[in-house]
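The block underneath contains the structure these notes are about, expressed in structure tokens.
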Amino acid sequence: MIKKEILYPNLSLALLSLGGLLLHIRIHPPSEAAIYWLPAIIGCVCAFILPFMFNYSTPARWAFLITMISVIGGVITMADHSIENPPQNITFLSIILRTTFPDITILLAKVPLALSILKFWRSIEVKA
């Protein structure tokens with residue numbers, strides 16, 4: 001049973017992960033190159049396994065750590081891709097809309113959700 005206090009952050013985290021996974025598979029199908037399998041596997045873990053881990057106190061710490069590692073890794077690789085493939089005309093608008101900046105901001109939205117779940121578990125541990 002999912003704790004009602006963390007139901008919506010947990011569901012939001014799972015849906016963000018699922019959306020990112022589906023977007024990544026659409027842009028970079030794993031059948032095209034072996035390197036595309038790693039983000040697909042990490043996306044599956046984040047979308048289907050971590051929400052269950054976040055529902056319990058001890059595994060929530062590991063789920064938070066895995067989430068942060070996946071976010072940091074995703075931000076670094078997407079930023080690297082944008083640096084290697086810059087837009088033709090570099091303007092403020094092209095940096096915002098024609099790079100991986102929107103994808104990075106979507107990925108970063110996972111951080112406050114995971115943190116709110118972790119803080120919920122820590123508040124229960126403090127009371128006990």
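Order determines the names: the first chain of the structure tokens is A, the second B, and so forth; residues in each chain are numbered 1 upward, and ligands are numbered 1 upward as they are shown.
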
Residues at most 9 Å from Ser17 (chain A), counting only C-alpha atoms, excluding those fewer than 3 positions away in the same chain, as a compact mmCIF listing (two decimals) with all heavy atoms, in the first residue's frame?
# COMPACT_ATOMS: atom_id res chain seq x y z
N SER A 12 4.06 11.45 -9.40
CA SER A 12 4.66 12.45 -10.29
C SER A 12 6.06 12.05 -10.71
O SER A 12 6.44 12.19 -11.88
CB SER A 12 4.73 13.81 -9.59
OG SER A 12 3.44 14.25 -9.25
N LEU A 13 6.83 11.53 -9.78
CA LEU A 13 8.18 11.07 -10.07
C LEU A 13 8.15 9.91 -11.07
O LEU A 13 8.93 9.88 -12.02
CB LEU A 13 8.86 10.65 -8.77
CG LEU A 13 10.35 10.50 -8.75
CD1 LEU A 13 11.04 11.78 -9.17
CD2 LEU A 13 10.81 10.10 -7.37
N ALA A 14 7.24 8.98 -10.87
CA ALA A 14 7.12 7.84 -11.78
C ALA A 14 6.69 8.30 -13.18
O ALA A 14 7.23 7.83 -14.19
CB ALA A 14 6.13 6.83 -11.22
N GLY A 20 10.11 10.70 -19.63
CA GLY A 20 11.49 10.84 -20.09
C GLY A 20 11.98 9.60 -20.81
O GLY A 20 12.68 9.68 -21.83
N LEU A 21 11.62 8.43 -20.29
CA LEU A 21 12.00 7.18 -20.93
C LEU A 21 11.40 7.07 -22.33
O LEU A 21 12.11 6.76 -23.30
CB LEU A 21 11.54 5.99 -20.07
CG LEU A 21 11.63 4.61 -20.70
CD1 LEU A 21 13.09 4.23 -20.95
CD2 LEU A 21 10.95 3.58 -19.81
N LEU A 22 10.11 7.34 -22.44
CA LEU A 22 9.45 7.25 -23.75
C LEU A 22 10.00 8.29 -24.73
O LEU A 22 10.17 8.00 -25.92
CB LEU A 22 7.94 7.39 -23.59
CG LEU A 22 7.27 6.27 -22.78
CD1 LEU A 22 5.80 6.58 -22.57
CD2 LEU A 22 7.46 4.94 -23.45
N GLY A 43 16.07 4.49 -17.23
CA GLY A 43 14.71 5.03 -17.26
C GLY A 43 13.68 4.02 -16.78
O GLY A 43 12.74 4.38 -16.06
N CYS A 44 13.86 2.75 -17.13
CA CYS A 44 12.95 1.70 -16.66
C CYS A 44 13.05 1.54 -15.14
O CYS A 44 12.02 1.40 -14.47
CB CYS A 44 13.26 0.37 -17.35
SG CYS A 44 12.72 0.28 -19.06
N VAL A 45 14.26 1.56 -14.63
CA VAL A 45 14.45 1.45 -13.18
C VAL A 45 13.77 2.63 -12.48
O VAL A 45 13.04 2.45 -11.49
CB VAL A 45 15.96 1.39 -12.83
CG1 VAL A 45 16.18 1.58 -11.34
CG2 VAL A 45 16.56 0.08 -13.29
N CYS A 46 13.99 3.84 -13.00
CA CYS A 46 13.40 5.03 -12.38
C CYS A 46 11.88 5.05 -12.48
O CYS A 46 11.20 5.53 -11.57
CB CYS A 46 13.98 6.30 -13.01
SG CYS A 46 15.70 6.57 -12.60
N ALA A 47 11.33 4.53 -13.55
CA ALA A 47 9.88 4.58 -13.74
C ALA A 47 9.14 3.45 -13.04
O ALA A 47 8.02 3.65 -12.57
CB ALA A 47 9.55 4.55 -15.24
N PHE A 48 9.76 2.27 -12.95
CA PHE A 48 9.01 1.11 -12.48
C PHE A 48 9.50 0.52 -11.15
O PHE A 48 8.73 -0.15 -10.47
CB PHE A 48 9.02 0.01 -13.55
CG PHE A 48 8.42 0.46 -14.84
CD1 PHE A 48 9.19 0.58 -15.98
CD2 PHE A 48 7.07 0.80 -14.92
CE1 PHE A 48 8.64 1.00 -17.17
CE2 PHE A 48 6.52 1.22 -16.11
CZ PHE A 48 7.30 1.33 -17.24
N LEU A 107 14.21 16.88 -16.48
CA LEU A 107 14.94 15.92 -15.64
C LEU A 107 15.18 16.49 -14.25
O LEU A 107 15.04 15.78 -13.25
CB LEU A 107 16.27 15.56 -16.31
CG LEU A 107 17.12 14.50 -15.64
CD1 LEU A 107 16.36 13.18 -15.53
CD2 LEU A 107 18.40 14.30 -16.42
N LYS A 110 12.73 16.15 -11.20
CA LYS A 110 12.69 14.97 -10.34
C LYS A 110 13.34 15.23 -8.97
O LYS A 110 13.00 14.58 -8.00
CB LYS A 110 13.41 13.81 -11.03
CG LYS A 110 12.68 13.32 -12.27
CD LYS A 110 13.51 12.36 -13.07
CE LYS A 110 13.68 11.05 -12.36
NZ LYS A 110 14.34 10.05 -13.22

Pull the alpha helix (DSSP H) assignments for region 30-121 of chain A out of DSSP run on the backbone, and list those residues as JSON, numbers by chain.
{"A": [37, 38, 39, 40, 41, 42, 43, 44, 50, 51, 52, 53, 57, 58, 59, 60, 61, 62, 63, 64, 65, 66, 67, 68, 69, 70, 71, 72, 73, 74, 75, 76, 77, 78, 79, 80, 81, 82, 83, 84, 92, 93, 94, 95, 96, 97, 101, 102, 103, 104, 105, 106, 107, 108, 110, 111, 112, 113, 114, 115, 116, 117, 118, 119, 120, 121]}

**Report entry** Gap from CA of Ser57 (chain A) to CA of Gly19 (chain A) - Å, one decimal
**Finding:**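 Taking CA of Ser57 (chain A) as the start and CA of Gly19 (chain A) as the end point, the length is 25.8 Å.
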
Shell around Glu5 (chain A) at 12 Å using only C-alpha atoms, local window under 2 positions removed, as a list of chain:residue names:
A:Met1, A:Ile2, A:Lys3, A:Leu7, A:Tyr8, A:Pro9, A:Asn10, A:Leu11, A:Phe54, A:Asn55, A:Ser116, A:Ile117, A:Leu118, A:Lys119, A:Phe120, A:Trp121, A:Ser123, A:Ile124

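Those residues that approach region 81-85 of chain A to within 12 Å, counting only C-alpha atoms, are A:Gly74, A:Val75, A:Ser94, A:Ile95, A:Ile96, A:Leu97, A:Arg98, A:Thr99, A:Thr100, A:Phe101, A:Pro102, A:Asp103, A:Ile104; same-chain residues fewer than 6 positions away are not listed.
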
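Interatomic distance, CA of Pro87 (chain A) to CA of Leu16 (chain A): 26.5 Å.
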
Would you mind listing what lies within 10 Å of Phe64 (chain A) as a list in words, with only C-alpha atoms counted and same-chain residues fewer than 3 positions away left out?
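Returned residues: Leu50, Met53, Phe54, Pro59, Ala60, Arg61, Thr67, Met68, Ile69, Ser70, Lys110, Val111, Leu113, Ala114, Leu115, Ile117 and Leu118 of chain A.
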
Expressed in Å, the length from CA of Ile27 (chain A) to CA of Phe92 (chain A) is 24.0 Å
